[in-house]
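Have a look at entry_13.txt; it's compact mmCIF, C-alpha atoms and all ligand atoms:
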```
# COMPACT_ATOMS: atom_id res chain seq x y z
CA MET T 1 99.34 111.42 72.19
CA VAL T 2 101.62 108.41 71.74
CA GLY T 3 100.38 105.30 70.05
CA PHE T 4 101.75 102.51 72.26
CA ASN T 5 99.52 101.88 75.27
CA VAL T 6 100.84 100.03 78.29
CA VAL T 7 98.53 99.00 81.12
CA ILE T 8 100.10 98.06 84.45
CA CYS T 9 97.80 96.38 86.96
CA GLY T 10 99.05 96.60 90.55
CA GLY T 11 100.67 99.43 92.50
CA GLY T 12 102.99 97.35 94.68
CA ILE T 13 106.70 96.63 94.44
CA ALA T 14 106.57 94.91 91.04
CA GLY T 15 104.10 97.34 89.50
CA ILE T 16 105.96 100.50 90.51
CA GLU T 17 109.41 99.05 89.75
CA GLY T 18 108.11 98.05 86.29
CA LEU T 19 106.62 101.51 85.74
CA LEU T 20 109.86 103.28 86.65
CA ARG T 21 112.02 100.96 84.51
CA LEU T 22 109.66 101.32 81.56
CA ARG T 23 109.87 105.10 81.73
CA ARG T 24 113.66 104.90 81.84
CA LEU T 25 113.82 102.55 78.82
CA ALA T 26 110.97 103.76 76.65
CA GLY T 27 110.45 107.37 77.81
CA ASP T 28 107.62 109.07 75.94
CA ARG T 29 107.30 106.30 73.36
CA VAL T 30 104.71 104.68 75.60
CA SER T 31 101.67 106.00 77.40
CA VAL T 32 101.07 104.18 80.64
CA THR T 33 97.89 103.55 82.62
CA LEU T 34 98.25 102.19 86.14
CA VAL T 35 95.26 100.34 87.59
CA SER T 36 95.38 99.84 91.34
CA PRO T 37 92.65 99.91 93.98
CA GLN T 38 94.71 101.31 96.86
CA GLU T 39 95.61 104.96 97.19
CA ASP T 40 99.16 104.24 98.29
CA PHE T 41 102.23 102.22 97.56
CA VAL T 42 102.94 100.55 100.93
CA TYR T 43 106.42 99.34 101.88
CA ARG T 44 105.16 96.05 103.31
CA PRO T 45 108.46 94.41 104.36
CA LEU T 46 109.01 96.97 107.12
CA ALA T 47 105.79 95.95 108.88
CA VAL T 48 107.72 93.56 111.13
CA ARG T 49 109.28 96.55 112.92
CA GLU T 50 105.94 98.08 113.91
CA PRO T 51 104.97 95.82 116.83
CA PHE T 52 108.37 96.45 118.39
CA ALA T 53 107.70 100.20 118.19
CA LEU T 54 110.80 100.58 116.03
CA ALA T 55 109.14 102.45 113.14
CA ASP T 56 105.90 102.64 111.19
CA VAL T 57 105.46 101.26 107.71
CA PRO T 58 106.26 104.01 105.19
CA TYR T 59 103.83 104.60 102.34
CA TYR T 60 103.74 106.82 99.28
CA PRO T 61 100.61 108.17 97.51
CA LEU T 62 100.14 106.63 94.06
CA GLU T 63 98.87 110.02 92.87
CA ARG T 64 102.35 111.43 93.46
CA ILE T 65 104.09 108.47 91.78
CA ALA T 66 101.74 108.74 88.77
CA SER T 67 102.38 112.45 88.48
CA ASP T 68 106.18 112.01 88.70
CA THR T 69 106.11 109.40 85.94
CA GLY T 70 103.55 110.96 83.59
CA THR T 71 101.18 108.06 84.21
CA ARG T 72 97.40 107.92 84.22
CA TRP T 73 96.32 106.23 87.46
CA ILE T 74 92.87 104.68 87.64
CA ARG T 75 91.83 103.73 91.14
CA ASP T 76 90.14 100.52 90.20
CA ARG T 77 90.58 96.77 90.15
CA LEU T 78 91.36 94.53 87.19
CA GLU T 79 88.46 92.15 86.67
CA ARG T 80 89.35 90.24 83.51
CA VAL T 81 91.59 90.32 80.48
CA ASP T 82 90.54 89.70 76.90
CA VAL T 83 93.88 88.65 75.45
CA ASP T 84 92.63 88.31 71.85
CA ALA T 85 91.13 91.80 71.90
CA CYS T 86 94.11 93.14 73.93
CA THR T 87 91.72 94.76 76.42
CA VAL T 88 91.63 94.97 80.21
CA HIS T 89 88.23 95.16 81.88
CA THR T 90 88.01 96.68 85.35
CA ALA T 91 85.50 96.24 88.14
CA GLY T 92 84.54 99.89 87.74
CA GLY T 93 83.56 99.37 84.09
CA HIS T 94 86.66 100.69 82.32
CA GLU T 95 87.70 98.98 79.08
CA LEU T 96 91.39 99.66 78.55
CA PRO T 97 92.97 98.63 75.26
CA PHE T 98 96.63 97.74 75.53
CA ASP T 99 99.61 97.13 73.28
CA ALA T 100 101.38 95.57 76.26
CA LEU T 101 100.13 94.56 79.69
CA LEU T 102 102.02 94.03 82.94
CA LEU T 103 100.19 92.05 85.62
CA ALA T 104 101.66 92.83 89.04
CA LEU T 105 98.71 91.96 91.22
CA GLY T 106 100.50 90.46 94.20
CA ALA T 107 99.25 87.39 96.02
CA GLY T 108 96.06 86.50 97.81
CA GLU T 109 96.34 85.41 101.45
CA SER T 110 94.64 82.70 103.44
CA ALA T 111 94.94 81.57 107.04
CA PRO T 112 96.78 78.23 107.20
CA TYR T 113 95.56 77.33 110.71
CA GLU T 114 92.31 78.07 112.46
CA HIS T 115 93.85 78.37 115.91
CA ALA T 116 97.02 80.37 115.20
CA HIS T 117 97.65 84.08 115.15
CA VAL T 118 98.30 84.97 111.49
CA PHE T 119 100.79 87.82 111.28
CA SER T 120 99.59 90.32 108.71
CA ASP T 121 101.36 93.47 107.61
CA ARG T 122 97.95 95.12 107.44
CA ASP T 123 97.55 95.28 111.22
CA ALA T 124 101.02 94.35 112.46
CA GLY T 125 101.32 97.23 114.90
CA GLN T 126 98.08 96.31 116.64
CA SER T 127 97.83 92.54 116.67
CA PHE T 128 101.39 91.33 117.18
CA ARG T 129 102.07 94.25 119.55
CA GLU T 130 99.91 92.47 122.14
CA ILE T 131 102.34 89.54 122.05
CA VAL T 132 105.39 91.78 122.30
CA ARG T 133 103.84 93.62 125.30
CA GLY T 134 103.01 90.29 126.91
CA ILE T 135 106.64 89.20 126.55
CA GLU T 136 107.95 92.53 127.85
CA LEU T 137 105.69 92.39 130.92
CA GLY T 138 106.32 88.69 131.54
CA HIS T 139 102.62 87.77 131.02
CA ILE T 140 103.44 85.58 128.02
CA LYS T 141 106.08 82.92 128.59
CA SER T 142 105.94 80.79 125.48
CA VAL T 143 105.49 81.51 121.78
CA ALA T 144 105.66 79.02 118.91
CA PHE T 145 106.32 80.33 115.40
CA VAL T 146 104.97 77.90 112.83
CA LEU T 147 105.83 78.22 109.15
CA PRO T 148 103.14 76.60 107.01
CA ASP T 149 104.10 74.52 104.01
CA TRP T 150 104.75 76.54 100.87
CA PRO T 151 104.06 78.98 99.40
CA VAL T 152 104.64 81.70 101.99
CA TRP T 153 106.87 84.71 102.54
CA PRO T 154 109.50 82.99 104.70
CA VAL T 155 111.61 85.95 105.85
CA PRO T 156 109.23 87.78 108.21
CA LEU T 157 108.54 84.81 110.50
CA TYR T 158 112.27 84.32 111.19
CA GLU T 159 112.55 88.06 111.81
CA LEU T 160 109.61 88.06 114.23
CA ALA T 161 111.02 85.09 116.17
CA LEU T 162 114.49 86.63 116.45
CA MET T 163 113.14 90.05 117.40
CA THR T 164 110.75 88.56 119.97
CA ALA T 165 113.59 86.60 121.56
CA GLU T 166 115.73 89.72 121.64
CA ARG T 167 112.92 91.69 123.29
CA ALA T 168 112.54 88.99 125.97
CA ARG T 169 116.27 89.07 126.60
CA GLY T 170 116.33 92.88 126.64
CA THR T 171 113.60 93.00 129.29
CA SER T 172 115.11 90.09 131.27
CA ARG T 173 112.05 87.90 130.83
CA ASP T 174 112.11 84.14 130.50
CA ALA T 175 110.32 83.10 127.37
CA GLN T 176 110.33 79.74 125.63
CA ILE T 177 110.43 80.44 121.92
CA THR T 178 110.08 77.67 119.37
CA PHE T 179 110.34 77.75 115.59
CA ILE T 180 108.80 74.97 113.49
CA THR T 181 109.33 74.76 109.74
CA PRO T 182 108.73 72.26 106.94
CA GLU T 183 112.02 73.38 105.39
CA GLY T 184 114.90 70.93 105.70
CA ARG T 185 116.99 73.84 106.94
CA PRO T 186 116.02 77.42 107.81
CA LEU T 187 115.39 79.70 104.83
CA LYS T 188 116.23 76.84 102.50
CA ALA T 189 115.45 78.89 99.40
CA PHE T 190 118.19 81.32 100.41
CA GLY T 191 121.01 78.78 100.20
CA GLN T 192 123.47 76.99 102.47
CA ALA T 193 125.39 79.96 103.91
CA ALA T 194 122.17 81.83 104.72
CA GLY T 195 120.79 78.71 106.42
CA ASP T 196 123.95 78.28 108.47
CA ALA T 197 123.86 81.91 109.57
CA ILE T 198 120.23 81.65 110.65
CA LEU T 199 120.86 78.38 112.47
CA HIS T 200 123.55 80.19 114.42
CA LEU T 201 121.31 83.19 115.16
CA LEU T 202 118.40 81.01 116.32
CA ALA T 203 120.68 79.00 118.60
CA GLN T 204 122.28 82.16 119.99
CA ALA T 205 118.81 83.58 120.69
CA GLY T 206 117.83 80.40 122.56
CA ILE T 207 115.11 79.55 120.03
CA LYS T 208 114.32 75.86 119.81
CA LEU T 209 114.17 74.81 116.17
CA HIS T 210 112.29 71.90 114.54
CA THR T 211 112.97 71.48 110.81
CA GLY T 212 111.52 69.24 108.12
CA VAL T 213 108.12 68.90 109.78
CA VAL T 214 104.67 70.01 108.68
CA ALA T 215 102.90 71.13 111.82
CA ARG T 216 99.23 71.13 112.70
CA VAL T 217 97.48 73.41 115.14
CA PRO T 218 94.53 71.26 116.24
CA ALA T 219 93.44 73.49 119.13
CA PRO T 220 94.31 76.86 120.65
CA GLN T 221 97.81 76.76 122.19
CA VAL T 222 98.59 73.31 120.78
CA VAL T 223 100.99 72.44 117.94
CA THR T 224 101.55 68.86 116.80
CA PHE T 225 103.99 67.27 114.36
CA GLY T 226 104.96 63.61 114.11
CA ASP T 227 104.67 62.22 117.64
CA THR T 228 105.36 65.58 119.22
CA ARG T 229 102.72 67.65 120.98
CA LEU T 230 103.82 71.08 122.03
CA GLU T 231 101.96 73.71 124.05
CA ALA T 232 102.56 77.42 123.67
CA GLU T 233 100.61 80.39 125.00
CA ARG T 234 100.75 82.03 121.58
CA ILE T 235 101.09 80.37 118.18
CA VAL T 236 102.13 82.69 115.37
CA THR T 237 102.14 81.91 111.67
CA LEU T 238 102.15 83.63 108.29
CA PRO T 239 99.45 83.61 105.64
CA ARG T 240 99.67 81.06 102.87
CA VAL T 241 99.84 82.94 99.59
CA THR T 242 97.85 82.15 96.47
CA GLY T 243 97.78 83.46 92.93
CA PRO T 244 95.24 86.02 91.72
CA ALA T 245 93.31 83.76 89.28
CA VAL T 246 92.47 86.45 86.72
CA PRO T 247 89.70 85.47 84.29
CA GLY T 248 91.17 85.35 80.78
CA ILE T 249 94.70 84.62 82.03
CA PRO T 250 96.06 81.08 82.50
CA ALA T 251 96.48 79.92 86.09
CA GLY T 252 98.84 77.20 87.25
CA PRO T 253 98.92 75.35 90.59
CA GLY T 254 97.86 77.63 93.46
CA TRP T 255 96.27 79.96 90.89
CA PHE T 256 99.62 81.61 90.18
CA VAL T 257 100.24 83.14 86.75
CA PRO T 258 102.64 80.94 84.75
CA ILE T 259 105.49 82.94 83.21
CA ASP T 260 108.55 82.13 81.12
CA GLU T 261 112.10 83.30 81.76
CA ARG T 262 111.38 86.68 80.15
CA CYS T 263 108.29 87.14 82.33
CA LEU T 264 105.88 86.65 79.45
CA VAL T 265 102.66 84.95 80.53
CA LYS T 266 102.59 81.48 79.01
CA GLU T 267 99.87 80.60 76.49
CA THR T 268 98.93 84.22 75.78
CA ASN T 269 100.80 86.32 73.20
CA ASP T 270 104.01 88.32 73.27
CA ARG T 271 102.27 91.29 74.89
CA VAL T 272 101.17 90.02 78.29
CA PHE T 273 103.79 90.04 81.05
CA ALA T 274 103.60 89.33 84.77
CA ALA T 275 105.90 89.97 87.73
CA GLY T 276 106.00 89.60 91.49
CA ASP T 277 104.09 87.44 93.95
CA ALA T 278 101.30 86.80 91.42
CA THR T 279 103.60 84.66 89.27
CA ASP T 280 104.41 80.97 89.58
CA PHE T 281 108.06 81.67 90.48
CA ALA T 282 108.83 79.55 93.54
CA VAL T 283 110.37 82.20 95.79
CA LYS T 284 108.04 84.95 96.95
CA HIS T 285 110.27 87.92 97.61
CA GLY T 286 110.02 91.62 96.79
CA GLY T 287 113.54 91.80 95.37
CA ILE T 288 112.79 88.97 92.96
CA GLY T 289 109.51 90.62 91.99
CA ALA T 290 111.45 93.79 91.19
CA GLN T 291 113.90 91.87 88.96
CA GLN T 292 110.99 90.25 87.16
CA ALA T 293 109.41 93.69 86.69
CA ASP T 294 112.68 95.02 85.22
CA THR T 295 112.80 92.12 82.77
CA ALA T 296 109.13 92.58 81.86
CA ALA T 297 109.62 96.34 81.39
CA ALA T 298 112.58 95.69 79.08
CA GLY T 299 110.43 93.23 77.11
CA ILE T 300 107.64 95.80 76.81
CA ALA T 301 110.09 98.52 75.76
CA HIS T 302 111.42 96.15 73.10
CA VAL T 303 107.92 95.50 71.74
CA ALA T 304 107.42 99.29 71.70
CA GLY T 305 110.56 99.65 69.59
CA ALA T 306 112.92 100.83 72.33
CA GLY T 307 115.87 98.54 72.90
CA ASN T 308 116.85 94.96 72.33
CA ARG T 309 114.99 91.91 73.52
CA PRO T 310 116.10 91.41 77.13
CA PRO T 311 118.07 88.30 78.12
CA PRO T 312 116.33 85.67 80.24
CA LEU T 313 116.09 86.62 83.90
CA GLN T 314 118.71 85.10 86.20
CA PRO T 315 117.13 85.85 89.58
CA VAL T 316 119.26 86.69 92.58
CA ILE T 317 117.87 86.95 96.10
CA ARG T 318 119.17 89.97 97.94
CA GLY T 319 117.64 90.14 101.36
CA MET T 320 118.03 92.01 104.61
CA LEU T 321 117.13 89.93 107.67
CA LEU T 322 116.16 91.90 110.77
CA THR T 323 117.48 90.10 113.81
CA GLY T 324 116.78 92.38 116.76
CA GLY T 325 120.46 93.28 116.69
CA ARG T 326 122.49 94.06 113.59
CA PRO T 327 120.74 93.01 110.40
CA LEU T 328 122.19 90.31 108.19
CA TYR T 329 122.46 90.66 104.42
CA LEU T 330 121.84 87.55 102.33
CA VAL T 331 122.61 87.00 98.66
CA ALA T 332 121.88 83.85 96.63
CA ARG T 333 121.30 82.86 93.02
CA VAL T 334 118.01 81.08 92.50
CA ILE T 335 118.17 77.98 90.32
CA ALA T 336 115.16 75.67 90.06
CA GLY T 337 113.53 77.44 92.99
CA LEU T 338 116.47 77.02 95.38
CA GLY T 339 119.25 79.35 96.51
CA TRP T 340 122.81 78.55 95.45
CA ARG T 341 126.20 80.12 96.09
CA SER T 342 124.75 82.12 98.95
CA GLU T 343 126.72 84.71 100.83
CA VAL T 344 126.08 86.37 104.15
CA SER T 345 127.48 89.66 105.38
CA GLU T 346 126.94 92.18 108.12
CA GLN T 347 127.41 95.10 105.72
CA PRO T 348 124.99 95.63 102.81
CA PRO T 349 126.62 94.48 99.58
CA TRP T 350 124.31 96.84 97.65
CA PRO T 351 124.64 100.62 97.67
CA ALA T 352 121.74 101.64 99.89
CA ASP T 353 120.56 100.09 103.13
CA GLU T 354 117.30 98.83 101.59
CA LYS T 355 115.01 96.07 102.80
CA VAL T 356 113.84 95.35 99.27
CA VAL T 357 116.58 95.66 96.70
CA ALA T 358 114.99 97.18 93.60
CA GLU T 359 117.14 99.07 91.12
CA GLU T 360 114.60 101.74 90.22
CA LEU T 361 112.35 101.80 93.25
CA GLY T 362 115.14 102.17 95.83
CA PRO T 363 116.65 105.41 94.51
CA TYR T 364 113.21 106.79 93.60
CA LEU T 365 111.75 106.23 97.08
CA ALA T 366 114.90 107.66 98.65
CA SER T 367 114.13 110.89 96.82
CA LEU T 368 110.60 111.10 98.30
CA ASP T 369 109.37 111.83 101.79
CA ALA T 370 107.40 108.85 103.02
CA ALA T 371 104.21 109.38 104.94
CA THR T 372 104.06 107.35 108.12
CA ASP T 373 100.52 107.77 109.39
CA PRO T 374 98.56 104.54 109.11
CA PRO T 375 98.17 103.99 105.36
CA ARG T 376 94.69 104.42 104.01
CA TRP T 377 94.39 100.76 102.97
CA ARG T 378 94.33 99.53 106.58
C1 LIG W 401 105.53 91.04 106.48
C2 LIG W 401 106.28 90.88 105.19
C3 LIG W 401 107.67 91.02 105.18
C4 LIG W 401 108.38 90.86 103.98
N1 LIG W 401 109.74 91.02 103.97
C5 LIG W 401 110.41 91.04 102.78
C6 LIG W 401 111.78 91.38 102.72
O1 LIG W 401 112.43 91.61 103.74
N2 LIG W 401 112.37 91.47 101.51
C7 LIG W 401 111.67 91.25 100.35
O2 LIG W 401 112.26 91.38 99.26
N3 LIG W 401 110.37 90.89 100.38
C8 LIG W 401 109.71 90.80 101.55
N4 LIG W 401 108.39 90.49 101.60
C9 LIG W 401 107.73 90.10 100.36
C10 LIG W 401 107.32 91.33 99.54
O3 LIG W 401 106.61 92.27 100.30
C11 LIG W 401 106.48 90.86 98.39
O4 LIG W 401 107.19 89.84 97.70
C12 LIG W 401 106.19 92.02 97.45
O5 LIG W 401 105.38 92.98 98.10
C13 LIG W 401 105.52 91.52 96.19
O6 LIG W 401 105.31 92.61 95.35
P1 LIG W 401 104.08 92.60 94.33
O7 LIG W 401 104.13 93.92 93.63
O8 LIG W 401 104.10 91.36 93.56
O9 LIG W 401 102.79 92.53 95.27
P2 LIG W 401 102.25 93.59 96.30
O10 LIG W 401 103.36 94.38 96.87
O11 LIG W 401 101.36 92.83 97.21
O12 LIG W 401 101.36 94.58 95.40
C14 LIG W 401 100.22 94.11 94.72
C15 LIG W 401 99.47 95.32 94.18
O13 LIG W 401 98.42 94.89 93.34
C16 LIG W 401 97.24 95.57 93.69
N5 LIG W 401 96.10 94.76 93.28
C17 LIG W 401 95.63 93.63 93.88
N6 LIG W 401 94.58 93.16 93.18
C18 LIG W 401 94.43 93.97 92.11
C19 LIG W 401 93.52 94.00 91.02
N7 LIG W 401 92.55 93.07 90.86
N8 LIG W 401 93.64 94.99 90.10
C20 LIG W 401 94.62 95.94 90.21
N9 LIG W 401 95.49 95.96 91.24
C21 LIG W 401 95.39 94.98 92.17
C22 LIG W 401 97.36 95.79 95.19
O14 LIG W 401 96.50 96.82 95.62
C23 LIG W 401 98.84 96.18 95.27
O15 LIG W 401 99.01 97.54 94.94
C24 LIG W 401 107.66 90.59 102.78
C25 LIG W 401 106.27 90.44 102.80
C26 LIG W 401 105.58 90.58 104.00
C27 LIG W 401 104.08 90.44 103.98
```

Represent the supplied structure as structure tokens.
Ligand SMILES: Cc1cc2nc3c(=O)[nH]c(=O)nc-3n(C[C@H](O)[C@H](O)[C@H](O)COP(=O)(O)OP(=O)(O)OC[C@H]3O[C@@H](n4cnc5c(N)ncnc54)[C@H](O)[C@@H]3O)c2cc1C
Amino acid sequence: MVGFNVVICGGGIAGIEGLLRLRRLAGDRVSVTLVSPQEDFVYRPLAVREPFALADVPYYPLERIASDTGTRWIRDRLERVDVDACTVHTAGGHELPFDALLLALGAGESAPYEHAHVFSDRDAGQSFREIVRGIELGHIKSVAFVLPDWPVWPVPLYELALMTAERARGTSRDAQITFITPEGRPLKAFGQAAGDAILHLLAQAGIKLHTGVVARVPAPQVVTFGDTRLEAERIVTLPRVTGPAVPGIPAGPGWFVPIDERCLVKETNDRVFAAGDATDFAVKHGGIGAQQADTAAAGIAHVAGAGNRPPPLQPVIRGMLLTGGRPLYLVARVIAGLGWRSEVSEQPPWPADEKVVAEELGPYLASLDAATDPPRWR
């Protein structure tokens, strides 16, 4: 029995990346308990392929991941944290003392518009499939993709628009596709070169783009912005994301968990870390969450006596954009919430052809067989 207890809350990208990195850095010096309510780790970013019948979302049982990493997994939900007593309380009544805690709870979701179809990775194959079929059969002739104001996951809506346009072209159907975004340029957080590349792709796909406008959807099939009123048979948007608001943990604007550059939760102690969509970092992206988790894991290993204090995180976006044709690979440094020195390529600049670039998770998942039946969380 080792004496340094780590509790990780959340079995998504940040939680599992953090778990794997911690095991690499601290080995048996730490005993780890993973708290997560779902049975599976679900590879959410591939959900956009499902409605196009390109592939199902892969998922991996947490039981297997826990067994591979010598981790105790409790299928439960974090309810509150007592920072002074260094104890996590779960909905199921567990009291888990910790020497270090990693919060990787992901984001909450809310519908930004009453009258728009909110794309969700939880039922992507079913709900958006109806729109794809309508386009393929020529029943649906106009779709507007509306990005709400921040915070959101920006990548999937561009992917859905490009893939929908490609499907219309591939089935020789006329479809008017519009994209409306509050960003000054597409994927603004990904930097200038990425924006230029997407502008080119959208134009090539015949997608009409409106930038720098916050749209409203006042009625079914109606989008308005400024003096413009636009009608579309289907209006598609993404959920707005919110922080988890954990009792006992500070919450900033939008209920996100405020962290410093080493992923320590502000105003707690040097033992509470957070990573991923739950944090107040401006860009919501799995690859960034994984980098935060690596930094947090290194910080925890340091507190446990394994290794030096990690340097501050210098986040880099590495993203694969599905286009309906060849994917594009985007790289940008994130400074003050915006992408700089971005680069675009048609070949992946990282070793494996991964949608989420995560140093530990990528190779680990590649060594497992994914299950592809509908995951049990749906
Ligand atoms: C459709 C779509 C496409 C995307 N495309 C990309 C992409 O191409 N590239 C990219 O990098 N990112 C992409 N993203 C973003 C990426 O999926 C997220 O940034 C990433 O999943 C965040 O990881 P996370 O671990 O913070 O949260 P999640 O992956 O959401 O995991 C959160 C975990 O916490 C658990 N949990 C929740 N509440 C509790 C609680 N109270 N107690 C304990 N556990 C709890 C959940 O069950 C889950 O296991 C996409 C997202 C979507 C939705």

For the atom pair atom CA of Gly325 of chain T and atom CA of Ala55 of chain T, what is the interatomic distance in Å to one decimal place?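 Distance reported for this atom pair: 15.0 Å.
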
Given a cut-off of 7 Å, what residues near ligand LIG 401 (chain W) show up using all atoms listed in the file, put as number ranges by chain? T: 9-15, 35-38, 41, 44-48, 76-79, 104-107, 120-121, 153, 155-156, 275-278, 284-289, 319-321, 355-357

Arg49 of chain T environment, 10 Å, only C-alpha atoms, sequence neighbours closer than 3 positions dropped, as a list in words: Pro45, Leu46, Phe52, Ala53, Leu54, Ala55, Asp56, Val57, Ala124, Gly125, Pro156, Glu159, Leu160, Met163, Leu322 and Gly324 of chain T

Just-selected residues, C-alpha atoms written as an mmCIF file, in the coordinates of the input:
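Generated output (again.cif):
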```cif
data_model
loop_
_atom_site.group_PDB
_atom_site.id
_atom_site.type_symbol
_atom_site.label_atom_id
_atom_site.label_comp_id
_atom_site.auth_asym_id
_atom_site.auth_seq_id
_atom_site.Cartn_x
_atom_site.Cartn_y
_atom_site.Cartn_z
ATOM 1 C CA PRO T 45 108.460 94.410 104.360
ATOM 2 C CA LEU T 46 109.010 96.970 107.120
ATOM 3 C CA PHE T 52 108.370 96.450 118.390
ATOM 4 C CA ALA T 53 107.700 100.200 118.190
ATOM 5 C CA LEU T 54 110.800 100.580 116.030
ATOM 6 C CA ALA T 55 109.140 102.450 113.140
ATOM 7 C CA ASP T 56 105.900 102.640 111.190
ATOM 8 C CA VAL T 57 105.460 101.260 107.710
ATOM 9 C CA ALA T 124 101.020 94.350 112.460
ATOM 10 C CA GLY T 125 101.320 97.230 114.900
ATOM 11 C CA PRO T 156 109.230 87.780 108.210
ATOM 12 C CA GLU T 159 112.550 88.060 111.810
ATOM 13 C CA LEU T 160 109.610 88.060 114.230
ATOM 14 C CA MET T 163 113.140 90.050 117.400
ATOM 15 C CA LEU T 322 116.160 91.900 110.770
ATOM 16 C CA GLY T 324 116.780 92.380 116.760
#
```

Please provide as a list in words all residues within 7 Å of segment 301-307 of chain T, with the sequence filter that same-chain residues fewer than 4 positions apart are discarded (counting all atoms listed in the file).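 Result of the neighbour search: Phe4, Leu22, Leu25, Ala26 and Ala297 of chain T.
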
Just C-alpha atoms for this one: save the residues we selected as an mmCIF file, in the frame of the given file.
```cif
data_model
loop_
_atom_site.group_PDB
_atom_site.id
_atom_site.type_symbol
_atom_site.label_atom_id
_atom_site.label_comp_id
_atom_site.auth_asym_id
_atom_site.auth_seq_id
_atom_site.Cartn_x
_atom_site.Cartn_y
_atom_site.Cartn_z
ATOM 1 C CA PHE T 4 101.750 102.510 72.260
ATOM 2 C CA LEU T 22 109.660 101.320 81.560
ATOM 3 C CA LEU T 25 113.820 102.550 78.820
ATOM 4 C CA ALA T 26 110.970 103.760 76.650
ATOM 5 C CA ALA T 297 109.620 96.340 81.390
#
```

List the spatial neighbours of Ile249 of chain T as a PyMOL selection string - criterion: any atom at most 8 Å away, all atoms listed in the file, same-chain residues fewer than 4 positions off excluded. chain T and resi 80-81+83+245+257+268

State, in Å with one decimal place, the distance from atom CA of Asp28 of chain T to atom CA of Val6 of chain T. 11.5 Å

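The gap separating atom CA of Glu359 of chain T from atom CA of Leu34 of chain T is 19.8 Å, in Å to one decimal.
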